[in-house]
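Source file: work.cif. Holds: mmCIF, C-alpha atoms.
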```cif
data_work
loop_
_atom_site.label_atom_id
_atom_site.label_comp_id
_atom_site.auth_asym_id
_atom_site.auth_seq_id
_atom_site.Cartn_x
_atom_site.Cartn_y
_atom_site.Cartn_z
CA MET N 1 -37.72 5.30 13.60
CA GLY N 2 -37.57 8.07 10.98
CA VAL N 3 -40.37 6.47 8.92
CA ALA N 4 -42.59 6.06 12.01
CA ARG N 5 -42.06 9.69 12.92
CA TRP N 6 -43.01 10.84 9.46
CA ILE N 7 -46.17 8.68 9.37
CA GLN N 8 -47.24 9.93 12.80
CA ALA N 9 -46.83 13.52 11.68
CA ARG N 10 -48.86 12.87 8.52
CA ARG N 11 -51.78 11.47 10.52
CA ARG N 12 -52.45 14.98 11.84
CA HIS N 13 -54.37 17.47 9.75
CA VAL N 14 -52.09 20.36 8.84
CA PRO N 15 -53.95 23.20 7.10
CA GLY N 16 -52.49 24.57 3.91
CA ASP N 17 -50.43 21.45 3.30
CA SER N 18 -52.43 19.81 0.49
CA HIS N 19 -50.57 21.41 -2.44
CA ARG N 20 -47.49 20.30 -4.29
CA ALA N 21 -44.09 21.89 -3.75
CA ASP N 22 -44.21 23.68 -7.09
CA GLY N 23 -47.24 25.72 -5.95
CA ALA N 24 -49.37 24.65 -8.89
CA GLY N 25 -52.30 23.92 -6.60
CA GLU N 26 -52.93 20.36 -7.78
CA PRO N 27 -53.75 17.86 -5.02
CA GLU N 28 -51.03 15.36 -4.21
CA GLY N 29 -52.27 12.01 -2.94
CA GLU N 30 -50.76 10.31 0.08
CA GLU N 31 -49.87 7.26 -1.98
CA VAL N 32 -48.05 9.39 -4.56
CA ARG N 33 -46.07 11.15 -1.84
CA LEU N 34 -45.13 7.86 -0.18
CA THR N 35 -44.05 6.36 -3.48
CA GLY N 36 -41.88 9.35 -4.31
CA LEU N 37 -40.39 9.41 -0.81
CA ARG N 38 -39.64 5.69 -0.88
CA ALA N 39 -37.88 5.99 -4.25
CA ALA N 40 -35.85 9.00 -3.08
CA ALA N 41 -34.80 7.30 0.17
CA GLY N 42 -33.80 4.14 -1.68
CA ALA N 43 -31.33 6.11 -3.79
CA ILE N 44 -29.41 7.34 -0.71
CA GLY N 45 -26.58 5.33 0.84
CA THR N 46 -25.65 3.03 -2.02
CA THR N 47 -21.97 3.08 -0.97
CA LEU N 48 -19.84 3.46 2.14
CA ASP N 49 -18.44 6.73 0.81
CA GLU N 50 -19.54 9.87 2.69
CA GLU N 51 -19.21 12.26 -0.26
CA THR N 52 -21.25 9.96 -2.49
CA THR N 53 -23.98 9.80 0.15
CA CYS N 54 -24.12 13.60 0.33
CA PHE N 55 -24.50 13.87 -3.45
CA GLU N 56 -27.23 11.24 -3.42
CA LEU N 57 -29.08 13.19 -0.71
CA THR N 58 -29.01 16.54 -2.50
CA ARG N 59 -30.07 15.03 -5.82
CA ALA N 60 -33.01 13.30 -4.10
CA VAL N 61 -34.05 16.55 -2.43
CA VAL N 62 -34.05 18.48 -5.70
CA ARG N 63 -36.14 15.76 -7.34
CA LEU N 64 -38.73 16.01 -4.56
CA ALA N 65 -38.80 19.75 -3.84
CA GLY N 66 -37.16 21.48 -6.80
CA GLY N 67 -34.78 24.43 -6.47
CA ALA N 68 -31.35 23.54 -5.11
CA ALA N 69 -29.85 21.61 -2.22
CA ALA N 70 -26.46 21.37 -0.56
CA VAL N 71 -24.84 19.79 2.47
CA MET N 72 -22.78 21.51 5.15
CA ARG N 73 -20.79 18.85 6.94
CA ARG N 74 -19.92 19.22 10.61
CA THR N 75 -16.89 17.76 12.38
CA GLY N 76 -16.76 18.80 16.01
CA LYS N 77 -17.24 22.57 16.06
CA THR N 78 -16.14 22.97 12.44
CA VAL N 79 -18.72 23.40 9.69
CA SER N 80 -17.81 23.21 6.01
CA GLY N 81 -19.15 25.47 3.27
CA TYR N 82 -21.70 24.25 0.77
CA GLU N 83 -20.82 20.82 -0.60
CA ALA N 84 -22.49 18.29 -2.91
CA ILE N 85 -24.56 21.07 -4.51
CA ALA N 86 -27.44 19.93 -6.74
CA GLY N 87 -29.69 22.26 -8.75
CA ASP N 88 -29.24 26.03 -9.15
CA PRO N 89 -26.81 27.25 -6.46
CA ASP N 90 -28.07 30.84 -6.81
CA VAL N 91 -31.27 29.99 -4.91
CA LEU N 92 -29.43 28.71 -1.85
CA PRO N 93 -29.49 31.03 1.20
CA ASP N 94 -26.50 33.02 2.39
CA VAL N 95 -23.90 30.57 3.63
CA ARG N 96 -23.40 32.57 6.87
CA TRP N 97 -27.04 32.08 7.81
CA ALA N 98 -26.84 28.38 6.99
CA THR N 99 -23.65 28.04 9.06
CA ALA N 100 -25.40 29.55 12.08
CA VAL N 101 -28.28 27.10 11.65
CA ALA N 102 -25.82 24.20 11.28
CA LEU N 103 -24.27 25.08 14.64
CA GLU N 104 -27.61 25.41 16.41
CA ALA N 105 -29.96 22.96 14.69
CA GLY N 106 -31.28 19.94 16.55
CA THR N 107 -33.83 17.25 15.84
CA PRO N 108 -37.39 18.70 16.14
CA ALA N 109 -40.17 17.01 18.05
CA VAL N 110 -42.90 15.27 16.05
CA ASP N 111 -45.75 17.28 17.56
CA ARG N 112 -44.56 20.83 16.82
CA GLN N 113 -43.36 22.99 13.97
CA PRO N 114 -39.85 21.84 13.03
CA GLU N 115 -37.94 24.97 13.95
CA PRO N 116 -35.48 26.21 12.80
CA TRP N 117 -35.94 24.25 9.57
CA ILE N 118 -38.31 26.48 7.63
CA GLU N 119 -37.10 30.07 7.40
CA GLN N 120 -37.18 33.18 5.23
CA PRO N 121 -33.51 34.18 5.52
CA PRO N 122 -32.78 37.92 5.73
CA GLY N 123 -32.31 39.49 2.29
CA SER N 124 -33.50 36.35 0.48
CA ARG N 125 -36.18 38.28 -1.49
CA GLY N 126 -38.73 35.54 -1.98
CA ARG N 127 -36.30 32.64 -1.78
CA PRO N 128 -37.45 30.49 1.13
CA ALA N 129 -34.96 28.11 2.70
CA LEU N 130 -35.09 24.90 4.64
CA CYS N 131 -32.43 23.36 6.87
CA ALA N 132 -32.64 19.80 8.13
CA PRO N 133 -30.03 18.44 10.54
CA LEU N 134 -27.98 15.42 9.53
CA THR N 135 -28.47 13.67 12.86
CA SER N 136 -28.13 10.00 13.70
CA GLY N 137 -28.71 9.14 17.35
CA ASP N 138 -26.78 11.67 19.40
CA ASP N 139 -24.34 12.44 16.59
CA GLN N 140 -24.63 15.59 14.48
CA TYR N 141 -22.96 15.46 11.05
CA GLY N 142 -24.12 18.83 9.67
CA VAL N 143 -27.23 20.06 7.91
CA LEU N 144 -29.06 19.68 4.64
CA VAL N 145 -29.81 23.12 3.12
CA ALA N 146 -32.50 23.56 0.47
CA GLY N 147 -33.74 26.68 -1.29
CA ARG N 148 -36.00 27.64 -4.19
CA HIS N 149 -37.93 30.50 -5.75
CA GLY N 150 -41.58 31.10 -4.89
CA ALA N 151 -43.61 29.02 -2.45
CA ARG N 152 -42.38 28.45 1.08
CA PHE N 153 -41.60 24.94 2.15
CA THR N 154 -44.58 23.31 3.86
CA ARG N 155 -44.43 21.26 7.02
CA SER N 156 -45.13 18.15 4.96
CA GLU N 157 -42.12 18.87 2.78
CA ALA N 158 -40.01 19.58 5.83
CA GLU N 159 -40.88 16.21 7.31
CA ARG N 160 -40.12 14.39 4.08
CA LEU N 161 -36.81 16.12 3.55
CA ALA N 162 -35.96 15.59 7.22
CA LEU N 163 -36.53 11.89 6.75
CA LEU N 164 -34.11 11.88 3.80
CA ALA N 165 -31.57 13.84 5.86
CA GLU N 166 -31.93 11.36 8.71
CA ARG N 167 -31.40 8.44 6.35
CA ALA N 168 -28.31 10.10 4.87
CA ALA N 169 -26.96 10.82 8.37
CA SER N 170 -27.24 7.13 9.27
CA HIS N 171 -25.21 6.21 6.20
CA ILE N 172 -22.67 8.95 6.94
CA ARG N 173 -22.25 7.47 10.41
CA HIS N 174 -21.58 4.05 8.87
CA ALA N 175 -19.18 5.59 6.32
CA ARG N 176 -17.16 7.35 9.02
CA ALA N 177 -17.06 4.22 11.15
CA TYR N 178 -15.90 2.23 8.13
CA ASP N 179 -13.20 4.82 7.38
CA LEU N 180 -12.00 4.64 10.98
CA VAL N 181 -11.81 0.86 10.88
CA SER N 182 -10.05 0.98 7.51
CA GLN N 183 -7.54 3.49 8.84
CA THR N 184 -6.86 1.33 11.87
CA ALA N 185 -6.46 -1.75 9.68
CA GLY N 186 -4.19 0.19 7.36
CA ASP N 187 -1.98 1.31 10.25
CA LEU N 188 -1.75 -2.28 11.42
CA GLN N 189 -0.96 -3.51 7.94
CA ARG N 190 1.77 -0.91 7.49
CA ALA N 191 3.26 -2.07 10.78
CA LEU N 192 3.12 -5.68 9.58
CA LEU N 193 4.70 -4.76 6.26
CA ALA N 194 8.00 -3.93 7.90
CA GLU N 195 10.86 -2.72 5.77
CA PRO N 196 13.24 -5.52 4.75
CA GLY N 197 16.69 -5.49 6.26
CA ARG N 198 19.60 -3.90 4.42
CA PRO N 199 21.73 -6.20 2.25
CA HIS N 200 25.51 -5.97 2.19
CA PRO N 201 26.93 -3.11 0.09
CA ASN N 202 28.24 -5.68 -2.38
CA LEU N 203 24.67 -6.40 -3.53
CA ASP N 204 22.19 -4.13 -5.33
CA VAL N 205 18.62 -4.99 -4.33
CA ALA N 206 15.24 -3.60 -5.41
CA ILE N 207 11.83 -4.70 -4.06
CA ARG N 208 8.25 -4.03 -5.13
CA TYR N 209 4.98 -4.95 -3.44
CA LEU N 210 1.62 -4.47 -5.20
CA PRO N 211 -1.71 -5.29 -3.51
CA ALA N 212 -4.19 -7.06 -5.78
CA GLY N 213 -6.47 -4.82 -7.85
CA SER N 214 -7.90 -1.65 -6.27
CA SER N 215 -8.47 -3.19 -2.88
CA ARG N 216 -8.25 -1.01 0.21
CA VAL N 217 -6.19 -3.81 1.78
CA LEU N 218 -2.58 -2.66 1.79
CA VAL N 219 -0.90 -5.97 2.45
CA GLY N 220 -1.77 -9.63 2.41
CA GLY N 221 0.39 -12.68 2.78
CA ASP N 222 3.13 -11.83 0.23
CA TRP N 223 6.46 -10.59 1.55
CA CYS N 224 10.14 -10.03 0.80
CA GLU N 225 13.09 -9.98 3.16
CA THR N 226 16.86 -9.54 3.11
CA VAL N 227 19.12 -10.72 5.94
CA ARG N 228 22.83 -9.93 6.28
CA LEU N 229 25.00 -12.94 6.94
CA HIS N 230 28.70 -13.32 7.69
CA PHE N 231 31.47 -12.93 5.10
CA GLY N 232 29.58 -10.53 2.83
CA ARG N 233 26.73 -12.93 2.12
CA THR N 234 23.05 -11.92 2.02
CA LEU N 235 19.98 -14.11 2.36
CA LEU N 236 17.12 -13.09 0.06
CA VAL N 237 13.59 -14.30 0.81
CA VAL N 238 10.17 -14.17 -0.81
CA GLY N 239 7.14 -15.82 0.77
CA ASP N 240 3.42 -16.16 0.20
CA VAL N 241 0.98 -17.06 2.97
CA MET N 242 -2.19 -18.81 1.87
CA GLY N 243 -5.19 -16.48 1.71
CA HIS N 244 -5.61 -12.72 1.62
CA GLY N 245 -6.28 -9.75 3.84
CA LEU N 246 -5.35 -8.92 7.39
CA GLU N 247 -5.42 -12.51 8.68
CA ALA N 248 -2.86 -13.58 6.08
CA ALA N 249 -0.79 -10.49 6.92
CA VAL N 250 -0.67 -11.45 10.59
CA ASP N 251 0.64 -14.93 9.72
CA MET N 252 3.05 -13.36 7.26
CA SER N 253 4.50 -11.28 10.10
CA ALA N 254 4.94 -14.44 12.18
CA TYR N 255 6.84 -16.17 9.35
CA ARG N 256 9.08 -13.12 8.90
CA SER N 257 9.87 -13.04 12.59
CA SER N 258 10.85 -16.71 12.69
CA LEU N 259 12.87 -16.30 9.49
CA ARG N 260 14.92 -13.44 10.93
CA TYR N 261 15.57 -15.35 14.14
CA ILE N 262 16.58 -18.60 12.44
CA ALA N 263 18.62 -16.95 9.67
CA SER N 264 20.77 -15.15 12.25
CA SER N 265 22.37 -18.52 13.09
CA ASP N 266 23.71 -18.66 9.49
CA LEU N 267 22.31 -22.10 8.68
CA PRO N 268 22.16 -23.38 5.07
CA PRO N 269 18.92 -22.33 3.31
CA HIS N 270 17.34 -25.79 3.42
CA ARG N 271 17.88 -26.04 7.19
CA VAL N 272 16.36 -22.59 7.67
CA LEU N 273 13.23 -23.84 5.89
CA ARG N 274 13.19 -27.00 8.00
CA GLN N 275 13.18 -25.03 11.26
CA MET N 276 10.57 -22.58 9.97
CA ASP N 277 8.37 -25.53 9.03
CA ASP N 278 8.75 -27.08 12.49
CA ILE N 279 7.71 -23.83 14.19
CA ALA N 280 4.74 -23.23 11.91
CA ALA N 281 3.54 -26.85 12.13
CA GLY N 282 3.41 -26.51 15.91
CA GLU N 283 0.84 -23.69 15.67
CA ALA N 284 -2.53 -25.09 14.67
CA GLU N 285 -3.93 -21.72 13.55
CA ARG N 286 -0.94 -20.78 11.39
CA ARG N 287 -1.72 -20.79 7.67
CA PRO N 288 0.62 -22.71 5.32
CA ALA N 289 3.01 -20.63 3.23
CA THR N 290 5.33 -21.06 0.30
CA CYS N 291 8.83 -19.63 0.62
CA LEU N 292 11.97 -19.29 -1.50
CA LEU N 293 15.42 -18.62 -0.02
CA ALA N 294 18.43 -17.45 -2.01
CA ARG N 295 21.76 -17.06 -0.20
CA ILE N 296 24.01 -14.91 -2.36
CA ASP N 297 27.78 -14.97 -1.93
CA PRO N 298 29.21 -12.30 -4.29
CA GLY N 299 32.78 -13.15 -3.26
CA ARG N 300 32.46 -16.68 -4.57
CA GLY N 301 30.03 -15.75 -7.32
CA GLN N 302 27.40 -18.18 -6.07
CA VAL N 303 23.75 -18.35 -5.10
CA THR N 304 22.31 -21.21 -3.06
CA LEU N 305 18.57 -21.82 -3.39
CA ALA N 306 15.97 -23.71 -1.35
CA SER N 307 12.23 -23.77 -1.92
CA ALA N 308 9.17 -24.63 0.17
CA GLY N 309 6.53 -25.08 -2.53
CA HIS N 310 7.51 -21.81 -4.24
CA LEU N 311 8.09 -20.96 -7.89
CA PRO N 312 11.74 -20.89 -8.98
CA PRO N 313 13.59 -17.59 -9.50
CA VAL N 314 14.79 -16.38 -12.87
CA LEU N 315 18.28 -15.27 -13.82
CA ILE N 316 18.78 -12.38 -16.24
CA GLY N 317 22.13 -12.80 -17.98
CA GLY N 318 24.51 -10.18 -19.24
CA ASP N 319 23.02 -10.66 -22.70
CA GLY N 320 19.56 -9.72 -21.39
CA ARG N 321 18.09 -13.22 -21.68
CA THR N 322 15.91 -14.61 -18.88
CA THR N 323 16.27 -18.18 -17.62
CA PRO N 324 14.51 -19.99 -14.73
CA LEU N 325 16.95 -21.45 -12.21
CA PRO N 326 16.19 -25.03 -11.15
CA VAL N 327 15.66 -25.54 -7.42
CA PRO N 328 14.51 -28.62 -5.47
CA VAL N 329 10.96 -27.98 -4.26
CA GLY N 330 9.85 -29.16 -0.84
CA PRO N 331 6.37 -28.93 0.72
CA PRO N 332 4.95 -25.57 1.89
CA LEU N 333 5.84 -24.36 5.36
CA GLY N 334 3.48 -25.35 8.14
CA THR N 335 2.78 -28.85 6.86
CA GLY N 336 5.41 -30.50 9.08
CA PHE N 337 6.62 -32.78 6.28
CA GLY N 338 10.13 -31.31 5.94
CA GLY N 339 12.30 -32.75 3.17
CA TYR N 340 13.99 -29.54 1.93
CA GLU N 341 17.14 -29.48 -0.19
CA SER N 342 19.47 -26.81 -1.54
CA ALA N 343 20.99 -26.21 -4.97
CA THR N 344 23.92 -23.91 -5.79
CA HIS N 345 24.40 -21.96 -9.05
CA GLN N 346 26.97 -19.52 -10.35
CA LEU N 347 26.10 -15.82 -10.21
CA ALA N 348 28.25 -13.36 -12.15
CA PRO N 349 28.39 -9.59 -11.46
CA ASP N 350 26.53 -8.86 -14.70
CA GLN N 351 23.66 -11.22 -13.85
CA THR N 352 20.44 -10.31 -12.03
CA LEU N 353 18.49 -12.73 -9.86
CA VAL N 354 14.71 -12.16 -9.64
CA LEU N 355 12.53 -13.76 -6.94
CA PHE N 356 8.76 -13.32 -7.01
CA THR N 357 5.42 -14.57 -5.72
CA ASP N 358 2.98 -16.33 -8.03
CA GLY N 359 0.77 -13.25 -8.41
CA LEU N 360 3.36 -11.84 -10.80
CA VAL N 361 2.95 -14.55 -13.42
CA GLU N 362 -0.18 -16.63 -12.78
CA ARG N 363 -3.36 -15.91 -14.73
CA ARG N 364 -6.77 -17.50 -14.22
CA GLY N 365 -7.28 -20.63 -16.33
CA GLU N 366 -3.67 -20.64 -17.58
CA ASP N 367 -1.10 -23.39 -17.10
CA ILE N 368 1.79 -22.32 -14.86
CA ASP N 369 4.34 -23.32 -17.50
CA THR N 370 2.71 -20.86 -19.90
CA SER N 371 2.86 -18.18 -17.22
CA MET N 372 6.54 -18.80 -16.53
CA ALA N 373 7.28 -18.81 -20.26
CA ARG N 374 5.85 -15.27 -20.51
CA LEU N 375 8.38 -14.08 -17.93
CA SER N 376 11.23 -16.02 -19.54
CA ALA N 377 10.48 -14.39 -22.89
CA LEU N 378 11.37 -10.92 -21.58
CA ARG N 379 14.64 -9.34 -22.72
CA PHE N 380 16.67 -6.68 -20.90
CA THR N 381 19.46 -4.35 -21.98
CA GLY N 382 21.82 -2.85 -19.44
CA HIS N 383 19.40 -1.64 -16.75
CA GLY N 384 19.80 -1.37 -12.99
CA VAL N 385 17.76 -3.52 -10.64
CA ASP N 386 15.03 -0.88 -10.26
CA GLU N 387 14.63 -0.61 -14.01
CA VAL N 388 14.56 -4.40 -14.28
CA LEU N 389 11.59 -4.56 -11.90
CA ASP N 390 9.81 -1.71 -13.65
CA THR N 391 10.18 -3.52 -16.97
CA ILE N 392 8.88 -6.78 -15.53
CA LEU N 393 5.88 -5.20 -13.80
CA THR N 394 4.95 -3.22 -16.90
CA ASN N 395 5.28 -6.05 -19.40
CA LEU N 396 3.39 -8.52 -17.21
CA ASP N 397 0.72 -5.91 -16.32
CA ALA N 398 1.28 -6.67 -12.65
CA ARG N 399 -0.78 -3.69 -11.47
CA HIS N 400 -3.88 -5.47 -12.73
CA ALA N 401 -2.93 -8.87 -11.32
CA GLU N 402 -5.64 -10.93 -9.62
CA ASP N 403 -3.36 -11.68 -6.67
CA ASP N 404 -0.86 -9.72 -4.59
CA VAL N 405 2.58 -9.34 -6.13
CA ALA N 406 5.92 -9.28 -4.31
CA VAL N 407 9.08 -9.25 -6.42
CA LEU N 408 12.76 -8.78 -5.60
CA ALA N 409 15.74 -8.24 -7.92
CA ALA N 410 19.38 -8.56 -6.82
CA ARG N 411 22.69 -8.12 -8.64
CA PRO N 412 26.23 -8.49 -7.25
CA ARG N 413 28.13 -5.22 -7.16
CA PRO N 414 31.93 -5.35 -7.37
CA ARG N 415 33.54 -3.35 -4.60
CA ARG N 416 36.91 -1.94 -5.55
CA ASP N 417 37.61 -0.89 -1.98
CA SER N 418 37.10 -4.42 -0.64
CA ALA N 419 40.10 -6.43 0.43
CA GLU N 420 40.11 -9.92 -0.87
CA LEU N 421 41.37 -13.11 0.63
CA GLU N 422 43.91 -15.20 -1.22
CA ASP N 423 41.23 -17.66 -2.29
CA GLY N 424 39.17 -14.82 -3.83
CA VAL N 425 36.52 -14.69 -1.08
CA GLU N 426 35.55 -11.16 -0.01
CA VAL N 427 36.12 -10.38 3.65
CA MET N 428 33.20 -9.95 6.02
CA GLY N 429 31.08 -6.99 4.88
CA SER N 430 30.08 -4.16 7.09
#
```

Is it possible to express this structure as structure tokens?
Amino acid sequence: MGVARWIQARRRHVPGDSHRADGAGEPEGEEVRLTGLRAAAGAIGTTLDEETTCFELTRAVVRLAGGAAAVMRRTGKTVSGYEAIAGDPDVLPDVRWATAVALEAGTPAVDRQPEPWIEQPPGSRGRPALCAPLTSGDDQYGVLVAGRHGARFTRSEAERLALLAERAASHIRHARAYDLVSQTAGDLQRALLAEPGRPHPNLDVAIRYLPAGSSRVLVGGDWCETVRLHFGRTLLVVGDVMGHGLEAAVDMSAYRSSLRYIASSDLPPHRVLRQMDDIAAGEAERRPATCLLARIDPGRGQVTLASAGHLPPVLIGGDGRTTPLPVPVGPPLGTGFGGYESATHQLAPDQTLVLFTDGLVERRGEDIDTSMARLSALRFTGHGVDEVLDTILTNLDARHAEDDVAVLAARPRPRRDSAELEDGVEVMGS
């Protein structure tokens, strides 16, 4: 529509409009003008970022008309000052005059002088100005302001710069719509990424979640959970839904909900996985997921593990050495195959258990045994669980991982104020 309007306007003969913007008096052919306009328009809107679009617009305007250009963005009744300035800012008109134009400007008709675009602002002393509204449909996003020394802007220039402003406004509309959708998706993702439950006071727990790369997506299918059980025990969980993005996050939330419900009955870890698998297999649209459960009993100094297609945890000993803990591996959740088993290991107060999703260790084109060996090679010296995770994430460069990363560290904490049963089992925690 903007291109058609410009071509229609150019079909009319407009006296005094056959000279270039620099006032040199050399004829400018229609083909040259179209080529320059097409190149300038093509450089606007290369991203979905509003500020970038504004900078691209002002740079294109300066290339076509010289002088300087800026954008005044409008949100409701609020108009910003000069932004995205290109060229010499001293030739721009008084910002108060431009603000008044920004509040009043509309889209001009094709068949008349585009008022109030071309003006000689009061006190400008030979510095003509041009304002073109950033309008897309019925939406007004502000104005483009241009100024220069010497020759006034011609109607031809006004039409060309108006076309660039209209193109920029269309991209600004898309950018704002994209930001709104992203914000809505982010709010939903934050709601899906619910805080894990609180473990018993006899267990120190730290959790980290890192989205892959620099993606705007805040959460995918990776998750961690802690569930309080009877007699001072805590169930630790990490899971990884197949896929990425919001769809995986929705399924992740469904797995977390079923996990919390089933775990409240205090079943053994392998039976928890069996019931989760039955529920997921009954929903045709549910994506498969891997999952690792670790039921920690600090009173007995034990951890019971069960895995649904998930990587094993590692145990950091009191000497700082890291060792993978063997666990029977069943099929991923949602397959309906079942066949899960549990394994129990000793867990001393000076040992730290680390559960993680595969994004922490896996690297493209690398064997998983090599990836696990990199984690097992780490050494630790007397740090708390938060410091343990920081060390792991730093040494494995997890912030540049190709996949989402969820990792949980837990260490039994002796409680001097806890009464103990005769057999050494701690009483039910608060």

request  = Write out as a ChimeraX atom specification which residues come within 12 Å of Thr52 (chain N) when counting all atoms listed in the file, dropping same-chain ones fewer than 4 positions away.
outcome  = /N:43-48,56-59,71,83-85,168,171-172,175

Resolved residues for the PyMOL selection byres ((chain N and resi 233) around 7) as a PyMOL selection string = chain N and resi 228-232+234-235+295-298

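Across the chains present, the PyMOL selection byres ((chain N and resi 145) around 9) applied to this file returns Thr58, Ala68, Ala69, Ala70, Val71, Met72, Tyr82, Leu92, Pro93, Ala98, Trp117, Ala129, Leu130, Cys131, Ala132, Pro133, Val143, Leu144, Ala146 and Gly147 of chain N.
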
At a cut-off of 8 Å, using all atoms listed in the file, what residues contact Pro288 (chain N)? Leave out same-chain residues fewer than 2 positions from it and give the result as a CSV table (one decimal) with C-alpha atoms, in the coordinates of the input.
```csv
chain,number,residue,atom,x,y,z
N,241,VAL,CA,1.0,-17.1,3.0
N,242,MET,CA,-2.2,-18.8,1.9
N,280,ALA,CA,4.7,-23.2,11.9
N,286,ARG,CA,-0.9,-20.8,11.4
N,290,THR,CA,5.3,-21.1,0.3
N,332,PRO,CA,5.0,-25.6,1.9
N,333,LEU,CA,5.8,-24.4,5.4
N,334,GLY,CA,3.5,-25.4,8.1
N,335,THR,CA,2.8,-28.8,6.9
```

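Between CA of Arg208 (chain N) and CA of Gly309 (chain N) there is a distance of 21.3 Å.
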
N, CA and C atoms for region 132-150 of chain N, written as a PDB file, keeping the file's coordinate frame, could you do that?
```pdb
ATOM      1  N   ALA N 132     -32.331  21.019   7.387  1.00  0.00           N
ATOM      2  CA  ALA N 132     -32.640  19.800   8.130  1.00  0.00           C
ATOM      3  C   ALA N 132     -31.349  19.211   8.667  1.00  0.00           C
ATOM      4  N   PRO N 133     -31.287  18.952   9.968  1.00  0.00           N
ATOM      5  CA  PRO N 133     -30.030  18.440  10.540  1.00  0.00           C
ATOM      6  C   PRO N 133     -29.722  17.021  10.081  1.00  0.00           C
ATOM      7  N   LEU N 134     -28.458  16.780   9.842  1.00  0.00           N
ATOM      8  CA  LEU N 134     -27.980  15.420   9.530  1.00  0.00           C
ATOM      9  C   LEU N 134     -27.621  14.771  10.864  1.00  0.00           C
ATOM     10  N   THR N 135     -28.626  14.210  11.505  1.00  0.00           N
ATOM     11  CA  THR N 135     -28.470  13.670  12.860  1.00  0.00           C
ATOM     12  C   THR N 135     -28.789  12.187  12.865  1.00  0.00           C
ATOM     13  N   SER N 136     -27.898  11.422  13.510  1.00  0.00           N
ATOM     14  CA  SER N 136     -28.130  10.000  13.700  1.00  0.00           C
ATOM     15  C   SER N 136     -27.838   9.682  15.157  1.00  0.00           C
ATOM     16  N   GLY N 137     -28.895   9.325  15.915  1.00  0.00           N
ATOM     17  CA  GLY N 137     -28.710   9.140  17.350  1.00  0.00           C
ATOM     18  C   GLY N 137     -28.347  10.459  17.997  1.00  0.00           C
ATOM     19  N   ASP N 138     -27.254  10.460  18.741  1.00  0.00           N
ATOM     20  CA  ASP N 138     -26.780  11.670  19.400  1.00  0.00           C
ATOM     21  C   ASP N 138     -25.719  12.393  18.585  1.00  0.00           C
ATOM     22  N   ASP N 139     -25.416  11.889  17.401  1.00  0.00           N
ATOM     23  CA  ASP N 139     -24.340  12.440  16.590  1.00  0.00           C
ATOM     24  C   ASP N 139     -24.889  13.408  15.548  1.00  0.00           C
ATOM     25  N   GLN N 140     -24.245  14.565  15.427  1.00  0.00           N
ATOM     26  CA  GLN N 140     -24.630  15.590  14.480  1.00  0.00           C
ATOM     27  C   GLN N 140     -23.556  15.702  13.403  1.00  0.00           C
ATOM     28  N   TYR N 141     -23.935  15.467  12.142  1.00  0.00           N
ATOM     29  CA  TYR N 141     -22.960  15.460  11.050  1.00  0.00           C
ATOM     30  C   TYR N 141     -23.083  16.679  10.141  1.00  0.00           C
ATOM     31  N   GLY N 142     -23.954  17.638  10.492  1.00  0.00           N
ATOM     32  CA  GLY N 142     -24.120  18.830   9.670  1.00  0.00           C
ATOM     33  C   GLY N 142     -25.578  19.076   9.374  1.00  0.00           C
ATOM     34  N   VAL N 143     -25.842  19.783   8.291  1.00  0.00           N
ATOM     35  CA  VAL N 143     -27.230  20.060   7.910  1.00  0.00           C
ATOM     36  C   VAL N 143     -27.393  19.917   6.393  1.00  0.00           C
ATOM     37  N   LEU N 144     -28.621  19.599   6.019  1.00  0.00           N
ATOM     38  CA  LEU N 144     -29.060  19.680   4.640  1.00  0.00           C
ATOM     39  C   LEU N 144     -29.682  21.062   4.450  1.00  0.00           C
ATOM     40  N   VAL N 145     -29.281  21.794   3.411  1.00  0.00           N
ATOM     41  CA  VAL N 145     -29.810  23.120   3.120  1.00  0.00           C
ATOM     42  C   VAL N 145     -30.500  23.076   1.765  1.00  0.00           C
ATOM     43  N   ALA N 146     -31.750  23.535   1.719  1.00  0.00           N
ATOM     44  CA  ALA N 146     -32.500  23.560   0.470  1.00  0.00           C
ATOM     45  C   ALA N 146     -33.072  24.965   0.266  1.00  0.00           C
ATOM     46  N   GLY N 147     -33.168  25.387  -0.960  1.00  0.00           N
ATOM     47  CA  GLY N 147     -33.740  26.680  -1.290  1.00  0.00           C
ATOM     48  C   GLY N 147     -34.402  26.638  -2.653  1.00  0.00           C
ATOM     49  N   ARG N 148     -35.328  27.583  -2.888  1.00  0.00           N
ATOM     50  CA  ARG N 148     -36.000  27.640  -4.190  1.00  0.00           C
ATOM     51  C   ARG N 148     -36.677  29.005  -4.333  1.00  0.00           C
ATOM     52  N   HIS N 149     -37.152  29.301  -5.501  1.00  0.00           N
ATOM     53  CA  HIS N 149     -37.930  30.500  -5.750  1.00  0.00           C
ATOM     54  C   HIS N 149     -39.403  30.215  -5.455  1.00  0.00           C
ATOM     55  N   GLY N 150     -40.132  31.231  -4.986  1.00  0.00           N
ATOM     56  CA  GLY N 150     -41.580  31.100  -4.890  1.00  0.00           C
ATOM     57  C   GLY N 150     -42.068  30.577  -3.568  1.00  0.00           C
TER      58      GLY N 150
END
```
